[in-house]
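In what follows, a single structure is set out as structure tokens and then discussed.
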Amino acid sequence: MAFLEISGLKKRFGAVEILKGIDLELEKGGFLVLVGPSGCGKSTLLNTIAGLESITEGDIRVDGRTISDLHPSKRDIAMVFQSYALYPNMTVAGNISFGMEMRGVPAEERRQAIDKVAKVLQIGHLLERKPSQLSGGQRQRVAMGRALVRDPKLFLFDEPLSNLDAKLRVDMRIEIKRLHQSTGTSIVYVTHDQIEAMTLATKIAVMRDGEVQQFGSPAEIYNNPTNLFVADFMGSPAMNLLSATIERGDAGLAISLDRPEGGPLKLPVGAASDKLAGYVGKQVIFGIRPEALTDPDGADRNAKNLVEGDCLIEVVEPAGSDTFAITKLGSKEVVARLRADARIDAGQTTRLAFNLDKAVFFDPATQARIA
């Protein structure tokens with residue numbers, strides 16, 4: 001039995017349906033990330049789990065118990081907000097222990113709990129400071145400590161890193177990952193940042209317009225997107241998605257991609273032939289991630305379907321550990337991810353290796369995955 005079960009959950013505000021039948025499960029100790037663009041319903045879904053929003057239809061169960069109609073205080077859930085929500089007149093220790101004090105927890109027990117979470121979050125030296133004396137990352141640690149000290153069944157995080165600068169976001173992401181690994185807590189985490197989703201989650205739910213587009217492990221979401229939206233949304237740089245024509249040749253099916261010069265580029269579809277047989281002479285959307293399009297010397301030698309083609313390089317972007325090259329195929333810009341020391345210059349035609357083991361194909365009309 002799953003630890004968190006969400007079944008047929010719908011939420012309406014008047015005639016507007018915000019959540020349109022959500023079905024999700026999370027194992028005990030799992031880390032579920034709800035990810036999607038602004039307005040997709042992820043924060044509303046989190047608020048229904050917390051009890052801050054009522055549900056219109058469906059059920060929410062935690063550890064085998066229905067909590068849909070319970071008051072938030074009875075759900076044994078702790079929430080960490082985007083805005084920290086710390087009491088400015090209290091010390092760090094006071095903020096962490098305030099909830100316990102309201103519940104009548106003895107002073108010695110409160111002190112032990114504060115010391116325990118302070119050690120986990122490495123904020124022992126901050127316990128006597130006020131929130132105004134803390135950095136953004138330190139305030140977020142305090143907010144997490146206030147949730148941790150309750151030892152609830154489930155933690156909810158609502159975009160906790162969105163107010164931090166880029167470097168601090170990376171640092172806090174590592175802290176949250178370390179916290180999850182050391183405590184084994186069950187977490188539901190909302191973000192619009194797909195890098196946070198990929199690095200933190202054991203399970204990801206990609207949402208759009210109040211519906212779950214795909215639910216699975218980070219590897220499943222990244223390598224096997226179920227539709228065009230998921231393929232485009234997950235990944236940085238994003239997946240290259242190109243209009244291509246399916247053709248039948250002497251060696252089997254191939255895709256044909258227009259190039260600015262040199263005629264079309266033909267790439268065999270390999271193992272996808274059976275599923276693409278009905279699309280001969282038709283357009284499909286061909287998807288390939290930047291790391292599957294690289295210089296021949298840097299290509300994956302274990303790939304079974306590795307094909308090289310000449311491409312005109314329009315822009316070169318050195319990025320330290322990688323070099324990104326921009327070319328044009330199928331009337332769209334395409335990003336290739338090369339080795340840092342790859343010898344390549346803008347304006348030259350060079351050979352690139354396509355790892356077609358990693359290729360995916362979508363129907364342009366339905367946007368559903370074909371192969």
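Convention: chains lettered A, B, ... in structure tokens order; per-chain residue numbering from 1; ligands numbered from 1 as shown.
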
I'd like to know which residues of region 119-266 of chain A are strand (DSSP E) (by DSSP, run on the backbone); could you write them as a PyMOL selection string? chain A and resi 154-158+187-191+203-208+211-216+240-249+252-257+265-266

Serialized selection, N, CA and C atoms, as a short mmCIF file (atom, residue, chain, number, x, y, z; two decimals), in the first residue's frame:
data_model
loop_
_atom_site.label_atom_id
_atom_site.label_comp_id
_atom_site.auth_asym_id
_atom_site.auth_seq_id
_atom_site.Cartn_x
_atom_site.Cartn_y
_atom_site.Cartn_z
N LEU A 154 4.19 13.63 7.08
CA LEU A 154 4.40 14.10 5.71
C LEU A 154 4.84 15.56 5.73
N PHE A 155 5.85 15.88 4.91
CA PHE A 155 6.32 17.26 4.75
C PHE A 155 5.87 17.79 3.40
N LEU A 156 5.42 19.04 3.39
CA LEU A 156 5.04 19.72 2.16
C LEU A 156 5.92 20.95 1.98
N PHE A 157 6.50 21.10 0.80
CA PHE A 157 7.34 22.27 0.48
C PHE A 157 6.71 23.01 -0.70
N ASP A 158 6.40 24.28 -0.52
CA ASP A 158 5.79 25.09 -1.58
C ASP A 158 6.81 26.08 -2.14
N ILE A 187 8.10 13.39 1.50
CA ILE A 187 8.04 14.80 1.11
C ILE A 187 7.25 14.96 -0.19
N VAL A 188 6.38 15.99 -0.22
CA VAL A 188 5.78 16.47 -1.47
C VAL A 188 6.27 17.89 -1.67
N TYR A 189 6.82 18.16 -2.85
CA TYR A 189 7.58 19.40 -3.09
C TYR A 189 7.07 20.03 -4.39
N VAL A 190 6.70 21.30 -4.33
CA VAL A 190 6.22 22.01 -5.51
C VAL A 190 7.31 22.92 -6.05
N THR A 191 7.51 22.90 -7.37
CA THR A 191 8.45 23.81 -8.00
C THR A 191 8.06 23.99 -9.46
N LYS A 203 10.04 10.52 -7.34
CA LYS A 203 8.95 10.50 -8.31
C LYS A 203 8.62 11.93 -8.72
N ILE A 204 8.29 12.10 -9.99
CA ILE A 204 7.91 13.41 -10.52
C ILE A 204 6.53 13.32 -11.13
N ALA A 205 5.69 14.32 -10.84
CA ALA A 205 4.42 14.47 -11.54
C ALA A 205 4.49 15.77 -12.34
N VAL A 206 4.50 15.65 -13.66
CA VAL A 206 4.53 16.83 -14.53
C VAL A 206 3.09 17.25 -14.78
N MET A 207 2.76 18.50 -14.41
CA MET A 207 1.38 18.96 -14.49
C MET A 207 1.22 20.06 -15.54
N ARG A 208 0.02 20.09 -16.11
CA ARG A 208 -0.35 21.13 -17.07
C ARG A 208 -1.86 21.28 -17.06
N GLU A 211 -3.98 18.88 -14.91
CA GLU A 211 -3.89 17.44 -15.17
C GLU A 211 -2.45 16.98 -15.07
N VAL A 212 -2.27 15.73 -14.67
CA VAL A 212 -0.94 15.12 -14.64
C VAL A 212 -0.63 14.59 -16.03
N GLN A 213 0.40 15.16 -16.66
CA GLN A 213 0.79 14.74 -18.00
C GLN A 213 1.60 13.44 -17.97
N GLN A 214 2.44 13.31 -16.94
CA GLN A 214 3.23 12.08 -16.78
C GLN A 214 3.67 11.96 -15.33
N PHE A 215 3.69 10.73 -14.83
CA PHE A 215 4.10 10.45 -13.46
C PHE A 215 5.10 9.29 -13.51
N GLY A 216 6.28 9.51 -12.94
CA GLY A 216 7.28 8.45 -12.95
C GLY A 216 8.56 8.91 -12.30
N ASN A 240 15.69 18.94 -28.37
CA ASN A 240 15.47 19.43 -29.73
C ASN A 240 14.25 18.73 -30.31
N LEU A 241 13.27 19.49 -30.77
CA LEU A 241 12.04 18.94 -31.33
C LEU A 241 11.88 19.49 -32.74
N LEU A 242 11.99 18.61 -33.74
CA LEU A 242 12.10 19.04 -35.14
C LEU A 242 11.04 18.38 -36.00
N SER A 243 10.53 19.15 -36.95
CA SER A 243 9.60 18.60 -37.92
C SER A 243 10.37 17.79 -38.95
N ALA A 244 9.96 16.55 -39.14
CA ALA A 244 10.66 15.64 -40.06
C ALA A 244 9.66 14.83 -40.86
N THR A 245 10.09 14.37 -42.04
CA THR A 245 9.25 13.53 -42.90
C THR A 245 9.75 12.10 -42.85
N ILE A 246 8.82 11.15 -42.71
CA ILE A 246 9.18 9.73 -42.72
C ILE A 246 9.22 9.25 -44.17
N GLU A 247 10.35 8.66 -44.55
CA GLU A 247 10.52 8.16 -45.91
C GLU A 247 10.90 6.68 -45.87
N ARG A 248 10.55 5.97 -46.95
CA ARG A 248 10.94 4.56 -47.07
C ARG A 248 12.04 4.44 -48.12
N GLY A 249 13.17 3.86 -47.71
CA GLY A 249 14.29 3.68 -48.64
C GLY A 249 14.70 2.22 -48.72
N GLY A 252 15.31 0.69 -45.35
CA GLY A 252 14.23 0.79 -44.37
C GLY A 252 13.78 2.22 -44.20
N LEU A 253 13.06 2.47 -43.12
CA LEU A 253 12.51 3.80 -42.88
C LEU A 253 13.58 4.75 -42.39
N ALA A 254 13.42 6.02 -42.79
CA ALA A 254 14.34 7.07 -42.35
C ALA A 254 13.56 8.37 -42.20
N ILE A 255 14.13 9.28 -41.44
CA ILE A 255 13.55 10.62 -41.36
C ILE A 255 14.38 11.54 -42.23
N SER A 256 13.70 12.51 -42.81
CA SER A 256 14.36 13.50 -43.66
C SER A 256 14.23 14.87 -43.01
N LEU A 257 15.38 15.51 -42.75
CA LEU A 257 15.42 16.82 -42.10
C LEU A 257 16.02 17.84 -43.07
N LEU A 265 19.01 16.00 -44.66
CA LEU A 265 19.77 15.01 -43.88
C LEU A 265 18.87 13.82 -43.61
N LYS A 266 19.31 12.63 -43.99
CA LYS A 266 18.52 11.40 -43.82
C LYS A 266 19.09 10.60 -42.66
#

Among the residues of region 101-338 of chain A, find those DSSP assigns to helix (DSSP H, G or I) from the backbone and print them as a PyMOL selection string. chain A and resi 101-102+107-121+124-126+131-133+136-148+166-183+194-200+218-223+228-233+270-279+290-292+296-298

Could you turn the residues from that selection into a file that holds C-alpha atoms, as a tab-separated table (two decimals), in the first residue's frame?
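The result, stored in out.tsv:
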chain	number	residue	atom	x	y	z
A	101	GLU	CA	5.20	25.50	23.21
A	102	MET	CA	1.60	26.07	22.06
A	107	ALA	CA	10.71	22.87	28.21
A	108	GLU	CA	13.38	20.15	28.41
A	109	GLU	CA	11.76	18.16	25.62
A	110	ARG	CA	11.58	21.33	23.52
A	111	ARG	CA	15.27	22.04	24.11
A	112	GLN	CA	16.27	18.53	23.05
A	113	ALA	CA	14.16	18.79	19.90
A	114	ILE	CA	15.69	22.18	19.03
A	115	ASP	CA	19.21	20.84	19.50
A	116	LYS	CA	18.45	17.82	17.33
A	117	VAL	CA	17.10	19.75	14.31
A	118	ALA	CA	19.75	22.47	14.72
A	119	LYS	CA	22.41	19.79	14.36
A	120	VAL	CA	20.74	18.28	11.28
A	121	LEU	CA	20.38	21.70	9.62
A	124	GLY	CA	23.23	25.61	16.10
A	125	HIS	CA	25.26	28.84	16.03
A	126	LEU	CA	22.19	30.84	14.95
A	131	PRO	CA	15.30	36.51	11.52
A	132	SER	CA	16.45	39.99	10.46
A	133	GLN	CA	20.02	38.93	11.24
A	136	GLY	CA	17.83	34.00	2.93
A	137	GLY	CA	19.32	30.51	3.08
A	138	GLN	CA	19.54	30.63	6.87
A	139	ARG	CA	15.91	31.73	7.13
A	140	GLN	CA	14.86	28.84	4.94
A	141	ARG	CA	16.78	26.44	7.19
A	142	VAL	CA	14.90	27.84	10.19
A	143	ALA	CA	11.58	27.38	8.41
A	144	MET	CA	12.56	23.79	7.66
A	145	GLY	CA	13.61	23.32	11.30
A	146	ARG	CA	10.21	24.49	12.50
A	147	ALA	CA	8.60	21.80	10.33
A	148	LEU	CA	11.13	19.09	11.21
A	166	ALA	CA	21.07	31.10	-8.16
A	167	LYS	CA	24.08	29.89	-6.13
A	168	LEU	CA	22.12	29.72	-2.88
A	169	ARG	CA	19.39	27.72	-4.63
A	170	VAL	CA	21.99	25.09	-5.55
A	171	ASP	CA	23.36	25.03	-1.99
A	172	MET	CA	19.90	24.69	-0.44
A	173	ARG	CA	18.91	22.03	-2.95
A	174	ILE	CA	21.84	19.95	-1.71
A	175	GLU	CA	20.78	20.59	1.91
A	176	ILE	CA	17.22	19.42	1.21
A	177	LYS	CA	18.54	16.31	-0.55
A	178	ARG	CA	20.86	15.59	2.38
A	179	LEU	CA	17.99	16.15	4.83
A	180	HIS	CA	15.78	13.68	2.99
A	181	GLN	CA	18.52	11.05	2.83
A	182	SER	CA	19.41	11.37	6.52
A	183	THR	CA	15.86	11.47	7.94
A	194	GLN	CA	12.66	21.26	-13.63
A	195	ILE	CA	16.31	21.07	-12.47
A	196	GLU	CA	15.06	20.97	-8.85
A	197	ALA	CA	12.57	18.30	-9.85
A	198	MET	CA	15.18	16.10	-11.53
A	199	THR	CA	17.77	16.36	-8.75
A	200	LEU	CA	15.50	15.98	-5.72
A	218	PRO	CA	13.21	11.25	-12.99
A	219	ALA	CA	14.87	8.85	-15.47
A	220	GLU	CA	11.50	7.79	-16.92
A	221	ILE	CA	10.34	11.38	-17.30
A	222	TYR	CA	13.60	12.49	-18.92
A	223	ASN	CA	14.30	9.54	-21.20
A	228	LEU	CA	5.41	16.67	-26.58
A	229	PHE	CA	4.77	18.91	-23.55
A	230	VAL	CA	6.79	16.73	-21.17
A	231	ALA	CA	9.61	16.36	-23.70
A	232	ASP	CA	9.84	20.12	-24.15
A	233	PHE	CA	9.41	21.07	-20.48
A	270	GLY	CA	16.06	1.87	-36.53
A	271	ALA	CA	14.02	0.12	-33.84
A	272	ALA	CA	11.16	2.62	-34.21
A	273	SER	CA	10.35	1.39	-37.75
A	274	ASP	CA	7.34	-0.74	-36.78
A	275	LYS	CA	5.62	2.08	-34.91
A	276	LEU	CA	6.38	4.63	-37.63
A	277	ALA	CA	5.27	2.46	-40.58
A	278	GLY	CA	1.90	4.22	-40.73
A	279	TYR	CA	3.56	7.63	-41.04
A	290	PRO	CA	21.51	17.86	-26.89
A	291	GLU	CA	23.75	15.25	-25.22
A	292	ALA	CA	22.65	12.68	-27.85
A	296	PRO	CA	31.92	11.94	-33.20
A	297	ASP	CA	34.85	11.48	-30.79
A	298	GLY	CA	32.61	12.26	-27.82

d(CA of Leu34 (chain A), CA of Phe361 (chain A)) in Å: 25.2 Å

Counting only C-alpha atoms, the option among A:Ile96, A:Ile326, A:Val105, A:Ala50 closest to Asp76 (chain A):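 Closest to Asp76 (chain A), using only C-alpha atoms: A:Ala50.
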